[in-house]
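S.K.: The structure is given below, and queries will be raised subsequently.
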Protein chains: 2
Amino acid sequence: MSTCRQALLLSSSNCHGYTLLEFAKQEICNFLKKNNVSELIFVPYAQNDFNGYTAKIKEVIDPWGFTVTGLHTYPDAANAVNSAKAIFVGGGNTFLLLSRLYEKGLVSIIRKKVDEGSLAYIGSSAGTNVATKSIHTTNDMPIIYPPTFDAIGIVPFNINPHYIDKVENEKHKGETRDQRINEYMEMEHAAPVLGLREGAMLQVDGASLMLKGVAGAVLFKKGGCKEQFQAETDVSFLLN
Amino acid sequence: MSTCRQALLLSSSNCHGYTLLEFAKQEICNFLKKNNVSELIFVPYAQNDFNGYTAKIKEVIDPWGFTVTGLHTYPDAANAVNSAKAIFVGGGNTFLLLSRLYEKGLVSIIRKKVDEGSLAYIGSSAGTNVATKSIHTTNDMPIIYPPTFDAIGIVPFNINPHYIDKVENEKHKGETRDQRINEYMEMEHAAPVLGLREGAMLQVDGASLMLKGVAGAVLFKKGGCKEQFQAETDVSFLLN
Ligand SMILES: [Ca+2]
Ligand SMILES: [Ca+2]
């Protein structure tokens with residue numbers, strides 16, 4: 001992996017017991033300061049109300065000392081990302097988000113800029129899914145057909161955001177989250193899957209990968225094994 | 001729609017309070033007898049253990065007076081379906097199922113034969129998803145990239161199987177089922193979506209469409225409207 005890539009991948013923006021992004025405030029602030037960022041471009045493409053969604057995020061992050069603008073307000077999205085020092089890709093529907101990123105030619109631009117260390121990436125939920133190897137382990141409905149499930153690939157594995165191991169309802173016969181992830185693990189092309197609990201996030205700093213936040217994660221491996229990790233665990237081995 | 005198509009589309013094979021397929025026994029038996037079927041080909045492609053999965057279904061349906069064989073046991077799947085009078089497409093992962101149906105050239109064969117009335121189709125869960133207009137409203141994880149989300153199209157709308165309107169956990173911030181379906185309804189290409197509760201099934205008999213079983217369904221329409229239907233409701237208007 002590149003020794004200079006900078007990313008912060010949140011399971012979700014909402015976490016029980018916290019206001020929007022509150023649980024991640026310190027990590028986001030540290031991450032942006034460390035990367036000398038004062039202006040942050042928000043990518044609202046996973047939802048349809050670009051203005052409303054951007055306003056909600058701006059209302060939270062501007063008071064922390066950064067200026068948030070929506071990518072949709074720039075005349076040319078590719079130019080805007082090419083000139084940006086940091087982007088925040090928000091959650092919503094992963095298929096919609098990935099389709100729009102490809103449509104605007106942003107996947108390769110973001111990949112290249114993050115790889116060379118000239119773009120700091122923050123993602124949440126769907127914005128985290130598209131930062132990984134592929135979107136094979138999103139929880140979202142496939143509401144639009146993207147040109148591929150391959151994603152930006154800032155990390156070489158898959159993430160399942162909003163991970164929860166509880167059975168949703170004992171009388172309901174639909175698959176549990178673990179069953180769904182294990183269906184993926186049975187595929188020949190399956191990469192390891194990190195189930196990020198709500199409140200958890202991954203901090204990518206070059207060759208270092210740290211689990212941060214107020215919750216942990218579960219690693220799914222071939223053969224049905226699971227491994228639990230608490231926050232503040234070094235999981236850099238996942239980058240190899 | 002064709003005036004001769006014959007299909008029975010189950011939300012799921014399992015329903016709380018019943019053994020496997022028990023809630024659907026009478027409907028399945030009536031459906032097969034009405035179509036003069038004594039041999040039923042089971043399509044286990046939505047899962048990986050073809051023999052084990054077929055054996056489970058055979059154990060239930062053979063005692064009802066029909067002979068079940070797995071499609072995977074035939075030397076040529078396309079030939080087998082072309083010669084079949086009835087197939088039962090089982091549940092598992094919708095993306096895996098649709099990919100395999102396309103790979104084996106079965107989508108167009110099934111579509112044509114059902115359309116001309118020479119193949120009776122039973123589907124359950126993923127097997128129901130692939131029988132609809134498209135798989136846009138499956139609950140499954142996108143574990144493999146299919147050549148398209150378009151499906152067999154026995155009915156011209158979408159189905160969400162295992163439909164449940166309960167919030168899975170108030171502390172969890174992932175989308176509810178209704179939110180996920182409404183994300184699809186916001187798309188320009190969205191067709192109406194019928195949320196089939198576990199225990200519900202649709203009986204397609206030419207131009208007639210009846211809701212059957214031990215549970216009902218919810219119709220999602222553009223603009224955020226929902227309409228509830230009980231079992232034994234005539235919903236033929238959905239075929240127009
Ligand atoms: Ca989502
Ligand atoms: Ca399934």
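Chains: A, B, ... in order of the structure tokens. Residues: from 1 per chain. Ligands: from 1, in order shown.
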Can you give me the C-alpha RMSD, to one decimal in Å, for chain A fitted onto chain B with all Cα atoms paired in order?
M.R.: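 With all C-alpha atoms paired in order, the RMSD is 0.0 Å.
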S.K.: Only residues of chain B matter here; which ones have an atom within 9 Å of chain A, counting only C-alpha atoms? Give them as an mmCIF file with N, CA and C atoms, in the first residue's frame.
M.R.:
```
data_model
loop_
_atom_site.group_PDB
_atom_site.id
_atom_site.type_symbol
_atom_site.label_atom_id
_atom_site.label_comp_id
_atom_site.auth_asym_id
_atom_site.auth_seq_id
_atom_site.Cartn_x
_atom_site.Cartn_y
_atom_site.Cartn_z
ATOM 1 N N SER B 12 -41.186 -16.600 0.778
ATOM 2 C CA SER B 12 -40.133 -17.412 1.403
ATOM 3 C C SER B 12 -40.622 -18.848 1.502
ATOM 4 N N SER B 13 -39.704 -19.768 1.732
ATOM 5 C CA SER B 13 -40.081 -21.175 1.929
ATOM 6 C C SER B 13 -40.345 -21.459 3.397
ATOM 7 N N ASN B 14 -39.762 -20.618 4.249
ATOM 8 C CA ASN B 14 -39.962 -20.758 5.682
ATOM 9 C C ASN B 14 -40.903 -19.681 6.177
ATOM 10 N N CYS B 15 -41.773 -20.067 7.091
ATOM 11 C CA CYS B 15 -42.713 -19.131 7.674
ATOM 12 C C CYS B 15 -42.875 -19.523 9.136
ATOM 13 N N HIS B 16 -42.793 -18.534 10.018
ATOM 14 C CA HIS B 16 -42.871 -18.799 11.454
ATOM 15 C C HIS B 16 -44.113 -19.624 11.806
ATOM 16 N N GLY B 17 -43.911 -20.711 12.533
ATOM 17 C CA GLY B 17 -45.030 -21.542 12.961
ATOM 18 C C GLY B 17 -45.314 -22.715 12.032
ATOM 19 N N GLN B 47 -27.954 -21.211 -3.920
ATOM 20 C CA GLN B 47 -27.069 -21.659 -2.850
ATOM 21 C C GLN B 47 -25.952 -22.486 -3.473
ATOM 22 N N ASN B 48 -24.996 -22.924 -2.645
ATOM 23 C CA ASN B 48 -23.847 -23.644 -3.205
ATOM 24 C C ASN B 48 -23.912 -25.159 -3.043
ATOM 25 N N GLY B 92 -31.990 -18.158 -1.598
ATOM 26 C CA GLY B 92 -30.578 -18.123 -1.247
ATOM 27 C C GLY B 92 -30.093 -16.720 -1.562
ATOM 28 N N ASN B 93 -29.081 -16.593 -2.404
ATOM 29 C CA ASN B 93 -28.612 -15.263 -2.786
ATOM 30 C C ASN B 93 -29.088 -14.918 -4.205
ATOM 31 N N ILE B 135 -34.102 -7.330 -10.198
ATOM 32 C CA ILE B 135 -33.751 -7.677 -8.808
ATOM 33 C C ILE B 135 -33.445 -6.440 -7.967
ATOM 34 N N HIS B 136 -33.880 -5.265 -8.424
ATOM 35 C CA HIS B 136 -33.578 -4.017 -7.698
ATOM 36 C C HIS B 136 -34.032 -4.017 -6.235
ATOM 37 N N THR B 137 -35.000 -4.865 -5.890
ATOM 38 C CA THR B 137 -35.523 -4.811 -4.515
ATOM 39 C C THR B 137 -35.317 -6.111 -3.749
ATOM 40 N N THR B 138 -34.241 -6.817 -4.071
ATOM 41 C CA THR B 138 -33.824 -7.953 -3.245
ATOM 42 C C THR B 138 -33.258 -7.431 -1.923
ATOM 43 N N ASN B 139 -33.312 -8.272 -0.885
ATOM 44 C CA ASN B 139 -32.668 -7.933 0.391
ATOM 45 C C ASN B 139 -31.234 -8.443 0.450
ATOM 46 N N ASP B 140 -30.807 -9.173 -0.573
ATOM 47 C CA ASP B 140 -29.531 -9.872 -0.480
ATOM 48 C C ASP B 140 -28.325 -8.971 -0.714
ATOM 49 N N MET B 141 -27.187 -9.456 -0.236
ATOM 50 C CA MET B 141 -25.925 -8.746 -0.472
ATOM 51 C C MET B 141 -25.463 -9.007 -1.894
ATOM 52 N N PRO B 142 -24.878 -7.984 -2.530
ATOM 53 C CA PRO B 142 -24.430 -8.132 -3.924
ATOM 54 C C PRO B 142 -23.103 -8.884 -4.019
ATOM 55 N N ILE B 143 -23.130 -10.183 -3.713
ATOM 56 C CA ILE B 143 -21.884 -10.958 -3.575
ATOM 57 C C ILE B 143 -21.227 -11.288 -4.908
ATOM 58 N N ILE B 144 -21.969 -11.121 -6.002
ATOM 59 C CA ILE B 144 -21.381 -11.323 -7.344
ATOM 60 C C ILE B 144 -22.071 -10.353 -8.295
ATOM 61 N N TYR B 145 -21.306 -9.863 -9.291
ATOM 62 C CA TYR B 145 -21.819 -8.851 -10.229
ATOM 63 C C TYR B 145 -22.510 -9.546 -11.396
ATOM 64 N N THR B 148 -26.661 -7.939 -15.596
ATOM 65 C CA THR B 148 -27.707 -6.916 -15.555
ATOM 66 C C THR B 148 -28.544 -7.197 -14.317
ATOM 67 N N PHE B 149 -29.334 -6.200 -13.868
ATOM 68 C CA PHE B 149 -30.291 -6.460 -12.791
ATOM 69 C C PHE B 149 -31.653 -6.863 -13.367
ATOM 70 N N PRO B 161 -39.252 -9.664 -1.179
ATOM 71 C CA PRO B 161 -39.655 -10.829 -0.387
ATOM 72 C C PRO B 161 -39.277 -10.648 1.083
ATOM 73 N N HIS B 162 -39.765 -11.517 1.941
ATOM 74 C CA HIS B 162 -39.493 -11.422 3.396
ATOM 75 C C HIS B 162 -39.834 -10.027 3.901
ATOM 76 N N TYR B 163 -40.856 -9.411 3.312
ATOM 77 C CA TYR B 163 -41.139 -8.027 3.703
ATOM 78 C C TYR B 163 -41.517 -7.937 5.189
ATOM 79 N N ILE B 164 -40.992 -6.947 5.854
ATOM 80 C CA ILE B 164 -41.258 -6.722 7.276
ATOM 81 C C ILE B 164 -41.208 -5.222 7.520
ATOM 82 N N VAL B 167 -39.141 -1.971 12.719
ATOM 83 C CA VAL B 167 -37.777 -1.472 12.872
ATOM 84 C C VAL B 167 -36.993 -2.557 13.594
ATOM 85 N N GLU B 168 -35.814 -2.931 13.056
ATOM 86 C CA GLU B 168 -35.140 -4.091 13.633
ATOM 87 C C GLU B 168 -34.589 -3.832 15.035
ATOM 88 N N ASN B 169 -34.235 -2.598 15.309
ATOM 89 C CA ASN B 169 -33.611 -2.301 16.601
ATOM 90 C C ASN B 169 -33.558 -0.780 16.697
ATOM 91 N N GLU B 170 -34.221 -0.221 17.677
ATOM 92 C CA GLU B 170 -34.328 1.242 17.736
ATOM 93 C C GLU B 170 -32.994 1.946 17.906
ATOM 94 N N LYS B 171 -32.021 1.222 18.455
ATOM 95 C CA LYS B 171 -30.712 1.846 18.660
ATOM 96 C C LYS B 171 -29.850 1.783 17.409
ATOM 97 N N HIS B 172 -30.270 0.945 16.456
ATOM 98 C CA HIS B 172 -29.474 0.760 15.247
ATOM 99 C C HIS B 172 -29.848 1.831 14.232
ATOM 100 N N LYS B 173 -28.846 2.405 13.542
ATOM 101 C CA LYS B 173 -29.088 3.547 12.657
ATOM 102 C C LYS B 173 -29.115 3.177 11.180
ATOM 103 N N GLY B 174 -28.962 1.905 10.863
ATOM 104 C CA GLY B 174 -29.097 1.495 9.455
ATOM 105 C C GLY B 174 -30.520 1.729 8.984
ATOM 106 N N GLU B 175 -30.721 1.796 7.666
ATOM 107 C CA GLU B 175 -32.052 2.048 7.124
ATOM 108 C C GLU B 175 -33.035 0.932 7.479
ATOM 109 N N ARG B 180 -35.355 1.622 2.646
ATOM 110 C CA ARG B 180 -34.610 1.041 1.524
ATOM 111 C C ARG B 180 -35.489 0.979 0.273
ATOM 112 N N ILE B 181 -36.726 0.549 0.454
ATOM 113 C CA ILE B 181 -37.629 0.456 -0.702
ATOM 114 C C ILE B 181 -37.927 1.862 -1.234
ATOM 115 N N GLU B 183 -35.938 4.383 -1.185
ATOM 116 C CA GLU B 183 -34.777 4.836 -1.965
ATOM 117 C C GLU B 183 -34.939 4.387 -3.425
ATOM 118 N N TYR B 184 -35.425 3.156 -3.603
ATOM 119 C CA TYR B 184 -35.664 2.662 -4.970
ATOM 120 C C TYR B 184 -36.788 3.456 -5.628
ATOM 121 N N MET B 185 -37.860 3.711 -4.883
ATOM 122 C CA MET B 185 -39.011 4.413 -5.462
ATOM 123 C C MET B 185 -38.641 5.815 -5.947
ATOM 124 N N GLU B 186 -37.562 6.385 -5.406
ATOM 125 C CA GLU B 186 -37.111 7.717 -5.848
ATOM 126 C C GLU B 186 -36.413 7.676 -7.214
ATOM 127 N N MET B 187 -36.046 6.480 -7.666
ATOM 128 C CA MET B 187 -35.343 6.374 -8.950
ATOM 129 C C MET B 187 -36.335 6.558 -10.091
ATOM 130 N N HIS B 189 -36.341 5.077 -12.894
ATOM 131 C CA HIS B 189 -36.672 3.783 -13.518
ATOM 132 C C HIS B 189 -37.484 2.859 -12.606
ATOM 133 N N ALA B 190 -37.881 3.343 -11.434
ATOM 134 C CA ALA B 190 -38.558 2.460 -10.470
ATOM 135 C C ALA B 190 -39.920 1.978 -10.962
ATOM 136 N N GLU B 198 -43.642 -12.720 4.797
ATOM 137 C CA GLU B 198 -43.395 -14.157 4.881
ATOM 138 C C GLU B 198 -44.720 -14.875 5.111
#
```
S.K.: Skip Val204 (chain A) itself and residues of its chain fewer than 5 positions away, then list as a list in words all residues within 7 Å of it, counting only C-alpha atoms.
M.R.: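 My reading of the contact set: Arg5, Gln6, Ala7, Leu8, Leu209 and Met210 of chain A.
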S.K.: Excluding Lys34 (chain A) and residues on its chain fewer than 6 positions from it, collect all residues at most 12 Å away from it, counting only C-alpha atoms, and give them as a PyMOL selection string.
M.R.: chain A and resi 6-7+26-28+85-86+120+205
S.K.: Among region 19-240 of chain A, which residues carry a DSSP assignment of strand (DSSP E or B), reported as a count of residues only?
M.R.: 52
S.K.: I'd like the neighbourhood of Asp62 (chain B) as a PyMOL selection string, where a residue qualifies if any of its atoms comes within 10 Å (using only C-alpha atoms), though same-chain residues fewer than 5 positions away should be ignored.
M.R.: chain B and resi 38-40+57+67-69
S.K.: For Phe237 (chain B), work out the shell of residues within 12 Å, counting only C-alpha atoms and skipping chain neighbours fewer than 2 positions away, then give it as a list in words.
M.R.: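 Those residues are Met1, Val155, Pro156, Phe157, Pro192, Val204, Ala207, Ser208, Leu209, Met210, Leu211, Leu219, Thr233, Asp234, Val235, Leu239 and Asn240 of chain B.
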S.K.: Once you have the residues from the selection above, write them out as a CSV table (one decimal), in the first residue's frame, restricted to all heavy atoms.
M.R.:
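Generated file (selection25.csv):
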```
chain,number,residue,atom,x,y,z
B,1,MET,N,-50.1,-8.7,-20.7
B,1,MET,CA,-49.4,-9.9,-20.2
B,1,MET,C,-50.0,-11.1,-21.0
B,1,MET,O,-51.2,-11.1,-21.4
B,1,MET,CB,-49.7,-10.1,-18.7
B,1,MET,CG,-49.2,-9.0,-17.9
B,1,MET,SD,-47.4,-8.7,-17.9
B,1,MET,CE,-46.8,-10.2,-17.1
B,155,VAL,N,-43.7,-11.2,-14.0
B,155,VAL,CA,-44.6,-10.0,-13.6
B,155,VAL,C,-43.9,-8.7,-13.9
B,155,VAL,O,-42.6,-8.7,-13.8
B,155,VAL,CB,-45.0,-10.1,-12.1
B,155,VAL,CG1,-45.9,-11.3,-11.9
B,155,VAL,CG2,-43.8,-10.1,-11.2
B,156,PRO,N,-44.6,-7.7,-14.3
B,156,PRO,CA,-44.0,-6.4,-14.7
B,156,PRO,C,-43.7,-5.4,-13.6
B,156,PRO,O,-43.5,-4.3,-13.9
B,156,PRO,CB,-45.0,-5.9,-15.7
B,156,PRO,CG,-46.3,-6.3,-15.0
B,156,PRO,CD,-46.1,-7.6,-14.4
B,157,PHE,N,-43.6,-5.9,-12.4
B,157,PHE,CA,-43.3,-5.0,-11.2
B,157,PHE,C,-42.2,-5.7,-10.4
B,157,PHE,O,-41.7,-6.7,-10.8
B,157,PHE,CB,-44.6,-4.8,-10.4
B,157,PHE,CG,-45.3,-6.0,-10.0
B,157,PHE,CD1,-45.0,-6.6,-8.8
B,157,PHE,CD2,-46.3,-6.6,-10.8
B,157,PHE,CE1,-45.7,-7.8,-8.4
B,157,PHE,CE2,-47.0,-7.7,-10.4
B,157,PHE,CZ,-46.6,-8.3,-9.2
B,192,PRO,N,-43.5,-0.2,-9.6
B,192,PRO,CA,-44.1,-0.5,-8.3
B,192,PRO,C,-43.4,-1.6,-7.6
B,192,PRO,O,-42.9,-2.6,-8.3
B,192,PRO,CB,-45.6,-0.8,-8.7
B,192,PRO,CG,-45.8,-0.3,-10.1
B,192,PRO,CD,-44.4,-0.4,-10.7
B,204,VAL,N,-50.0,-16.4,-10.3
B,204,VAL,CA,-50.2,-15.8,-11.6
B,204,VAL,C,-50.9,-16.9,-12.5
B,204,VAL,O,-50.4,-18.0,-12.7
B,204,VAL,CB,-48.9,-15.5,-12.3
B,204,VAL,CG1,-49.1,-14.8,-13.6
B,204,VAL,CG2,-48.0,-14.7,-11.3
B,207,ALA,N,-54.0,-13.7,-17.0
B,207,ALA,CA,-54.2,-12.2,-16.7
B,207,ALA,C,-54.7,-12.0,-15.3
B,207,ALA,O,-54.9,-10.9,-14.9
B,207,ALA,CB,-55.2,-11.6,-17.7
B,208,SER,N,-54.8,-13.1,-14.5
B,208,SER,CA,-55.2,-13.0,-13.1
B,208,SER,C,-54.1,-13.1,-12.2
B,208,SER,O,-53.2,-13.9,-12.3
B,208,SER,CB,-56.3,-14.1,-12.8
B,208,SER,OG,-56.3,-14.3,-11.4
B,209,LEU,N,-54.1,-12.2,-11.2
B,209,LEU,CA,-53.0,-12.2,-10.1
B,209,LEU,C,-53.7,-12.2,-8.8
B,209,LEU,O,-54.4,-11.2,-8.5
B,209,LEU,CB,-52.1,-11.0,-10.3
B,209,LEU,CG,-50.9,-11.0,-9.4
B,209,LEU,CD1,-49.9,-12.1,-9.8
B,209,LEU,CD2,-50.2,-9.6,-9.5
B,210,MET,N,-53.5,-13.3,-8.0
B,210,MET,CA,-54.2,-13.3,-6.7
B,210,MET,C,-53.1,-13.4,-5.6
B,210,MET,O,-52.1,-14.1,-5.7
B,210,MET,CB,-55.0,-14.6,-6.6
B,210,MET,CG,-56.3,-14.6,-7.4
B,210,MET,SD,-57.6,-13.4,-6.7
B,210,MET,CE,-57.9,-14.2,-5.2
B,211,LEU,N,-53.4,-12.7,-4.5
B,211,LEU,CA,-52.6,-12.8,-3.3
B,211,LEU,C,-53.1,-14.0,-2.5
B,211,LEU,O,-54.3,-14.0,-2.2
B,211,LEU,CB,-52.6,-11.5,-2.5
B,211,LEU,CG,-51.6,-11.3,-1.4
B,211,LEU,CD1,-50.2,-11.3,-1.9
B,211,LEU,CD2,-51.9,-9.9,-0.8
B,219,LEU,N,-48.1,-2.6,-1.1
B,219,LEU,CA,-47.7,-2.0,-2.3
B,219,LEU,C,-47.1,-0.7,-2.1
B,219,LEU,O,-47.7,0.2,-1.5
B,219,LEU,CB,-48.9,-2.0,-3.3
B,219,LEU,CG,-48.6,-1.4,-4.7
B,219,LEU,CD1,-47.7,-2.3,-5.5
B,219,LEU,CD2,-49.9,-1.2,-5.5
B,233,THR,N,-56.8,-11.5,-1.9
B,233,THR,CA,-57.1,-10.2,-2.6
B,233,THR,C,-56.7,-10.4,-4.1
B,233,THR,O,-55.7,-11.0,-4.4
B,233,THR,CB,-56.4,-9.0,-2.1
B,233,THR,OG1,-56.7,-8.9,-0.7
B,233,THR,CG2,-56.8,-7.7,-2.8
B,234,ASP,N,-57.6,-10.0,-5.0
B,234,ASP,CA,-57.3,-10.0,-6.4
B,234,ASP,C,-56.5,-8.7,-6.7
B,234,ASP,O,-56.9,-7.6,-6.5
B,234,ASP,CB,-58.6,-9.9,-7.2
B,234,ASP,CG,-58.4,-10.1,-8.7
B,234,ASP,OD1,-57.4,-9.6,-9.2
B,234,ASP,OD2,-59.3,-10.6,-9.4
B,235,VAL,N,-55.2,-8.9,-7.1
B,235,VAL,CA,-54.4,-7.8,-7.5
B,235,VAL,C,-54.0,-7.8,-8.9
B,235,VAL,O,-52.9,-7.4,-9.3
B,235,VAL,CB,-53.1,-7.8,-6.5
B,235,VAL,CG1,-53.5,-7.4,-5.1
B,235,VAL,CG2,-52.4,-9.1,-6.6
B,239,LEU,N,-50.8,-6.3,-13.1
B,239,LEU,CA,-50.3,-6.9,-14.4
B,239,LEU,C,-50.5,-5.9,-15.6
B,239,LEU,O,-49.9,-6.2,-16.6
B,239,LEU,CB,-51.0,-8.2,-14.7
B,239,LEU,CG,-50.8,-9.4,-13.7
B,239,LEU,CD1,-51.5,-10.6,-14.1
B,239,LEU,CD2,-49.3,-9.7,-13.6
B,240,ASN,N,-51.2,-4.9,-15.3
B,240,ASN,CA,-51.4,-3.9,-16.4
B,240,ASN,C,-50.3,-2.9,-16.6
B,240,ASN,O,-49.7,-2.5,-15.6
B,240,ASN,CB,-52.8,-3.2,-16.2
B,240,ASN,CG,-53.9,-4.2,-16.2
B,240,ASN,OD1,-53.9,-5.2,-16.9
B,240,ASN,ND2,-54.9,-3.9,-15.3
```
S.K.: For Val81 (chain B), find every residue with an atom within 10 Å (counting only C-alpha atoms), except residues of its own chain fewer than 6 positions away, and show them as a list of chain:residue names.
M.R.: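 Returned residues: B:Ile41, B:Val43, B:Leu71, B:Tyr74, B:Ile87, B:Leu106, B:Ile109, B:Ile110, B:Lys113, B:Leu119.
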S.K.: Assign secondary structure with DSSP using the backbone only, and return the residues of region 14-220 of chain A in helix (DSSP H, G or I) as JSON, numbers by chain.
M.R.: {"A": [22, 23, 24, 25, 26, 27, 28, 29, 30, 31, 32, 33, 34, 50, 51, 52, 53, 54, 55, 56, 57, 58, 59, 60, 61, 62, 63, 64, 71, 72, 73, 77, 78, 79, 80, 81, 82, 83, 94, 95, 96, 97, 98, 99, 100, 101, 102, 103, 106, 107, 108, 109, 110, 111, 112, 113, 114, 115, 126, 127, 128, 129, 177, 178, 179, 180, 181, 182, 183, 184, 185]}
S.K.: Given the choices B:Gly91, B:Ala77, B:Thr176, B:Phe31, which gets closest to ligand 1 if the distance is worked out from only C-alpha atoms and all ligand atoms?
M.R.: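 So, comparing all the options, the nearest one is B:Thr176.
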S.K.: Pick the closest to ligand 2 from B:Asn82, B:Thr94, B:Asn30, B:Asn129: which is it, counting only C-alpha atoms and all ligand atoms?
M.R.: B:Thr94
S.K.: Go ahead and compute the interatomic distance for CA of Leu97 (chain A) and CA of Gly127 (chain A), in Å to one decimal.
M.R.: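 Separation between CA of Leu97 (chain A) and CA of Gly127 (chain A): 7.8 Å.
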S.K.: Interatomic distance between CA of Cys29 (chain B) and CA of Gly90 (chain B)?
M.R.: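 Straight-line distance from CA of Cys29 (chain B) to CA of Gly90 (chain B) works out to 16.6 Å.
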